[in-house]
Amino acid sequence: MRVRAARKSKVQVQPGMFTPPIVLNQVKGFLADAEATALYEAAASVSELGPVLEIGSYCGKSTICLGLACQQQNSLLFAVDHHRGSEEHQPGELYHDPELYDAGEKSIDSFREFRRNIRRAGLEESVTPIVAGSAQAARYWRTPLAMVFIDGGHSLEAALTDYRCWAGHLLRGGILAIHDIFPDPGMGGQAPYTIYRMALESGLFELIEQVETLALLRRL
């Protein structure tokens, strides 16, 4: 599903110009093809204005899409993730992946896989990993951002933290992207949808489009 509103952009990005690299299909993650294309197009349309930042990199699927757009515009992507997994990635939970579990440390560790995928995509000069929690990384942040992509923990506390810590750093005309938007509680968790509604009701954002479960909003 792709619901589009009016788009204003200094950079004209032609729909369909994104050709996912082969490596993307080999990266663990939960990003639909249409969402990957939309992320790339959004980042390419604003990243000449400033850097892009994502919260929740996991193994780098969304990072590659955003990073390629930043590489094209000679910009930079900051990838924030503590790489210990969200609630749903822990042992015994629905999305636990044993291959990412460090038995010695008795915890999830997705950073090694993330670095490997970024290297294979040729994005080491365009992506700066920040291995930290969202609130910790934001504590002394001062750099204005052209785009923020929120795809971190899906508890209400985590989603609210991500929104409150980072939305205020967006430049006017910048893009706020939020993943896993499910208006119907029967289809998925409500935390991302809650911060999506908060952004719209704040009067500071307008909806550009929704692509499957990815919402793209513009900072007014």
# chains A, B, ... in the order shown; residues from 1 in each chain; ligands from 1
>>> residues_around(residues="Gly203 of chain A", least_positions_apart="5", cutoff="12 Å", atoms="only C-alpha atoms", output="ChimeraX atom specification")
/A:196-198,217-220
>>> select_by_dssp(residues="segment 12-192 of chain A", states="strand (DSSP E or B)", output="PyMOL selection string")
chain A and resi 52-55+77-80+101-102+107-108+127-130+145-150+170-178
>>> residues_around(residues="Val131 of chain A", least_positions_apart="6", cutoff="12 Å", atoms="only C-alpha atoms", output="ChimeraX atom specification")
/A:54-58,78-85,109-112,114-115,137-138
>>> residues_around(residues="Glu125 of chain A", least_positions_apart="4", cutoff="10 Å", atoms="only C-alpha atoms", output="mmCIF file with all heavy atoms, in the first residue's frame")
data_model
loop_
_atom_site.group_PDB
_atom_site.id
_atom_site.type_symbol
_atom_site.label_atom_id
_atom_site.label_comp_id
_atom_site.auth_asym_id
_atom_site.auth_seq_id
_atom_site.Cartn_x
_atom_site.Cartn_y
_atom_site.Cartn_z
ATOM 1 N N GLY A 67 22.074 4.703 3.595
ATOM 2 C CA GLY A 67 23.482 4.989 3.339
ATOM 3 C C GLY A 67 23.778 5.202 1.862
ATOM 4 O O GLY A 67 24.585 6.077 1.500
ATOM 5 N N GLN A 71 25.362 8.484 0.326
ATOM 6 C CA GLN A 71 26.568 8.378 -0.501
ATOM 7 C C GLN A 71 26.376 9.141 -1.811
ATOM 8 O O GLN A 71 27.268 9.860 -2.262
ATOM 9 C CB GLN A 71 26.874 6.914 -0.776
ATOM 10 C CG GLN A 71 28.167 6.656 -1.522
ATOM 11 C CD GLN A 71 28.363 5.167 -1.769
ATOM 12 O OE1 GLN A 71 27.604 4.547 -2.498
ATOM 13 N NE2 GLN A 71 29.374 4.589 -1.126
ATOM 14 N N ASN A 74 26.675 12.805 -1.206
ATOM 15 C CA ASN A 74 27.885 13.186 -0.474
ATOM 16 C C ASN A 74 27.544 13.641 0.941
ATOM 17 O O ASN A 74 28.110 14.603 1.462
ATOM 18 C CB ASN A 74 28.647 14.287 -1.214
ATOM 19 C CG ASN A 74 30.071 14.449 -0.706
ATOM 20 O OD1 ASN A 74 30.686 13.484 -0.252
ATOM 21 N ND2 ASN A 74 30.587 15.665 -0.757
ATOM 22 N N SER A 75 26.593 12.953 1.558
ATOM 23 C CA SER A 75 26.166 13.247 2.923
ATOM 24 C C SER A 75 26.604 12.104 3.835
ATOM 25 O O SER A 75 27.442 11.277 3.466
ATOM 26 C CB SER A 75 24.643 13.444 2.959
ATOM 27 O OG SER A 75 24.221 13.881 4.235
ATOM 28 N N LEU A 76 26.023 12.046 5.018
ATOM 29 C CA LEU A 76 26.446 11.065 6.015
ATOM 30 C C LEU A 76 25.241 10.530 6.775
ATOM 31 O O LEU A 76 24.306 11.275 7.078
ATOM 32 C CB LEU A 76 27.418 11.724 7.002
ATOM 33 C CG LEU A 76 28.110 10.824 8.039
ATOM 34 C CD1 LEU A 76 29.053 9.841 7.348
ATOM 35 C CD2 LEU A 76 28.885 11.684 9.035
ATOM 36 N N LEU A 77 25.279 9.238 7.072
ATOM 37 C CA LEU A 77 24.245 8.596 7.882
ATOM 38 C C LEU A 77 24.825 8.202 9.234
ATOM 39 O O LEU A 77 25.852 7.531 9.298
ATOM 40 C CB LEU A 77 23.721 7.343 7.178
ATOM 41 C CG LEU A 77 22.811 6.432 8.010
ATOM 42 C CD1 LEU A 77 21.499 7.132 8.354
ATOM 43 C CD2 LEU A 77 22.536 5.123 7.271
ATOM 44 N N ILE A 118 27.671 -3.557 6.123
ATOM 45 C CA ILE A 118 28.011 -2.207 5.670
ATOM 46 C C ILE A 118 29.275 -2.238 4.815
ATOM 47 O O ILE A 118 29.378 -1.552 3.792
ATOM 48 C CB ILE A 118 28.179 -1.253 6.871
ATOM 49 C CG1 ILE A 118 26.862 -1.121 7.637
ATOM 50 C CG2 ILE A 118 28.672 0.114 6.410
ATOM 51 C CD1 ILE A 118 25.676 -0.742 6.792
ATOM 52 N N ARG A 119 30.239 -3.050 5.212
ATOM 53 C CA ARG A 119 31.471 -3.181 4.425
ATOM 54 C C ARG A 119 31.179 -3.784 3.055
ATOM 55 O O ARG A 119 31.682 -3.298 2.024
ATOM 56 C CB ARG A 119 32.482 -4.037 5.187
ATOM 57 C CG ARG A 119 33.824 -4.183 4.452
ATOM 58 C CD ARG A 119 34.841 -4.925 5.286
ATOM 59 N NE ARG A 119 34.427 -6.298 5.568
ATOM 60 C CZ ARG A 119 34.025 -6.733 6.751
ATOM 61 N NH1 ARG A 119 33.959 -5.897 7.776
ATOM 62 N NH2 ARG A 119 33.683 -7.999 6.920
#
>>> residues_around(residues="segment 158-162 of chain A", least_positions_apart="3", cutoff="8 Å", atoms="only C-alpha atoms", output="MDAnalysis selection string")
chainID A and resid 55 134:135 150 152:155 165:167 191:192 195
>>> write_last_selection(atoms="C-alpha atoms", output="tab-separated table (two decimals), in the first residue's frame")
chain	number	residue	atom	x	y	z
A	55	ILE	CA	17.48	4.62	15.37
A	134	SER	CA	18.92	6.21	21.80
A	135	ALA	CA	18.73	8.46	24.88
A	150	ILE	CA	12.71	5.63	13.91
A	152	GLY	CA	14.06	1.00	17.43
A	153	GLY	CA	12.39	-0.78	20.32
A	154	HIS	CA	8.64	-1.16	19.95
A	155	SER	CA	7.63	-0.79	23.57
A	165	CYS	CA	15.01	12.59	21.78
A	166	TRP	CA	15.32	13.03	18.02
A	167	ALA	CA	12.31	14.68	16.33
A	191	ALA	CA	3.81	2.15	20.01
A	192	PRO	CA	5.05	3.34	16.57
A	195	ILE	CA	4.28	8.46	18.10
>>> select_by_dssp(residues="segment 10-203 of chain A", states="alpha helix (DSSP H)", output="PyMOL selection string")
chain A and resi 33-46+61-72+111-120+134-138+156-166+191-201
>>> atom_distance(atom1="atom CA of Trp141 of chain A", atom2="atom CA of Ser62 of chain A")
22.0 Å
>>> closest_residue(among="A:Pro185, A:Pro129, A:Gly50, A:Gly60", to="Gly173 of chain A", atoms="only C-alpha atoms")
A:Gly50
>>> atom_distance(atom1="atom CA of Gln136 of chain A", atom2="atom CA of Gly174 of chain A")
22.8 Å
>>> closest_residue(among="A:His179, A:Thr194, A:Arg142, A:Glu124", to="Leu156 of chain A", atoms="only C-alpha atoms")
A:Thr194
>>> atom_distance(atom1="atom CA of Leu123 of chain A", atom2="atom CA of Thr63 of chain A")
9.3 Å
>>> decode(residues="segment 157-180 of chain A", atoms="N, CA and C atoms", output="PDB file, in the first residue's frame")
ATOM      1  N   GLU A 157       7.543   2.887  25.871  1.00  0.00           N
ATOM      2  CA  GLU A 157       8.622   3.681  26.471  1.00  0.00           C
ATOM      3  C   GLU A 157       9.741   3.934  25.467  1.00  0.00           C
ATOM      4  N   ALA A 158      10.142   2.880  24.740  1.00  0.00           N
ATOM      5  CA  ALA A 158      11.229   3.029  23.769  1.00  0.00           C
ATOM      6  C   ALA A 158      10.837   3.959  22.628  1.00  0.00           C
ATOM      7  N   ALA A 159       9.622   3.783  22.105  1.00  0.00           N
ATOM      8  CA  ALA A 159       9.174   4.610  20.982  1.00  0.00           C
ATOM      9  C   ALA A 159       9.066   6.081  21.390  1.00  0.00           C
ATOM     10  N   LEU A 160       8.507   6.338  22.568  1.00  0.00           N
ATOM     11  CA  LEU A 160       8.404   7.710  23.051  1.00  0.00           C
ATOM     12  C   LEU A 160       9.778   8.337  23.248  1.00  0.00           C
ATOM     13  N   THR A 161      10.714   7.553  23.777  1.00  0.00           N
ATOM     14  CA  THR A 161      12.082   8.050  23.969  1.00  0.00           C
ATOM     15  C   THR A 161      12.696   8.448  22.638  1.00  0.00           C
ATOM     16  N   ASP A 162      12.556   7.588  21.632  1.00  0.00           N
ATOM     17  CA  ASP A 162      13.136   7.880  20.317  1.00  0.00           C
ATOM     18  C   ASP A 162      12.538   9.145  19.725  1.00  0.00           C
ATOM     19  N   TYR A 163      11.234   9.279  19.802  1.00  0.00           N
ATOM     20  CA  TYR A 163      10.566  10.454  19.232  1.00  0.00           C
ATOM     21  C   TYR A 163      10.972  11.730  19.981  1.00  0.00           C
ATOM     22  N   ARG A 164      10.924  11.673  21.301  1.00  0.00           N
ATOM     23  CA  ARG A 164      11.234  12.862  22.090  1.00  0.00           C
ATOM     24  C   ARG A 164      12.698  13.273  21.997  1.00  0.00           C
ATOM     25  N   CYS A 165      13.580  12.297  21.843  1.00  0.00           N
ATOM     26  CA  CYS A 165      15.013  12.595  21.777  1.00  0.00           C
ATOM     27  C   CYS A 165      15.433  13.169  20.430  1.00  0.00           C
ATOM     28  N   TRP A 166      14.774  12.745  19.332  1.00  0.00           N
ATOM     29  CA  TRP A 166      15.316  13.030  18.015  1.00  0.00           C
ATOM     30  C   TRP A 166      14.463  13.906  17.108  1.00  0.00           C
ATOM     31  N   ALA A 167      13.149  13.916  17.254  1.00  0.00           N
ATOM     32  CA  ALA A 167      12.308  14.677  16.327  1.00  0.00           C
ATOM     33  C   ALA A 167      12.647  16.165  16.354  1.00  0.00           C
ATOM     34  N   GLY A 168      13.029  16.669  17.510  1.00  0.00           N
ATOM     35  CA  GLY A 168      13.346  18.086  17.640  1.00  0.00           C
ATOM     36  C   GLY A 168      14.618  18.512  16.930  1.00  0.00           C
ATOM     37  N   HIS A 169      15.430  17.545  16.486  1.00  0.00           N
ATOM     38  CA  HIS A 169      16.672  17.882  15.791  1.00  0.00           C
ATOM     39  C   HIS A 169      16.479  18.009  14.278  1.00  0.00           C
ATOM     40  N   LEU A 170      15.258  17.771  13.797  1.00  0.00           N
ATOM     41  CA  LEU A 170      15.012  17.844  12.363  1.00  0.00           C
ATOM     42  C   LEU A 170      14.983  19.285  11.867  1.00  0.00           C
ATOM     43  N   LEU A 171      15.637  19.519  10.747  1.00  0.00           N
ATOM     44  CA  LEU A 171      15.553  20.793  10.063  1.00  0.00           C
ATOM     45  C   LEU A 171      14.145  20.991   9.505  1.00  0.00           C
ATOM     46  N   ARG A 172      13.737  22.222   9.332  1.00  0.00           N
ATOM     47  CA  ARG A 172      12.480  22.474   8.636  1.00  0.00           C
ATOM     48  C   ARG A 172      12.589  21.950   7.206  1.00  0.00           C
ATOM     49  N   GLY A 173      11.577  21.225   6.788  1.00  0.00           N
ATOM     50  CA  GLY A 173      11.630  20.582   5.481  1.00  0.00           C
ATOM     51  C   GLY A 173      12.229  19.194   5.542  1.00  0.00           C
ATOM     52  N   GLY A 174      12.781  18.818   6.700  1.00  0.00           N
ATOM     53  CA  GLY A 174      13.342  17.485   6.872  1.00  0.00           C
ATOM     54  C   GLY A 174      12.247  16.429   6.996  1.00  0.00           C
ATOM     55  N   ILE A 175      12.664  15.176   6.975  1.00  0.00           N
ATOM     56  CA  ILE A 175      11.721  14.059   6.966  1.00  0.00           C
ATOM     57  C   ILE A 175      11.853  13.218   8.227  1.00  0.00           C
ATOM     58  N   LEU A 176      10.704  12.939   8.833  1.00  0.00           N
ATOM     59  CA  LEU A 176      10.616  11.990   9.939  1.00  0.00           C
ATOM     60  C   LEU A 176       9.972  10.725   9.401  1.00  0.00           C
ATOM     61  N   ALA A 177      10.687   9.620   9.459  1.00  0.00           N
ATOM     62  CA  ALA A 177      10.180   8.330   8.984  1.00  0.00           C
ATOM     63  C   ALA A 177       9.987   7.407  10.187  1.00  0.00           C
ATOM     64  N   ILE A 178       8.846   6.743  10.239  1.00  0.00           N
ATOM     65  CA  ILE A 178       8.529   5.843  11.345  1.00  0.00           C
ATOM     66  C   ILE A 178       8.080   4.510  10.769  1.00  0.00           C
ATOM     67  N   HIS A 179       8.714   3.441  11.212  1.00  0.00           N
ATOM     68  CA  HIS A 179       8.417   2.101  10.687  1.00  0.00           C
ATOM     69  C   HIS A 179       7.445   1.357  11.598  1.00  0.00           C
ATOM     70  N   ASP A 180       6.735   0.408  11.007  1.00  0.00           N
ATOM     71  CA  ASP A 180       5.787  -0.475  11.703  1.00  0.00           C
ATOM     72  C   ASP A 180       4.570   0.278  12.223  1.00  0.00           C
TER      73      ASP A 180
END
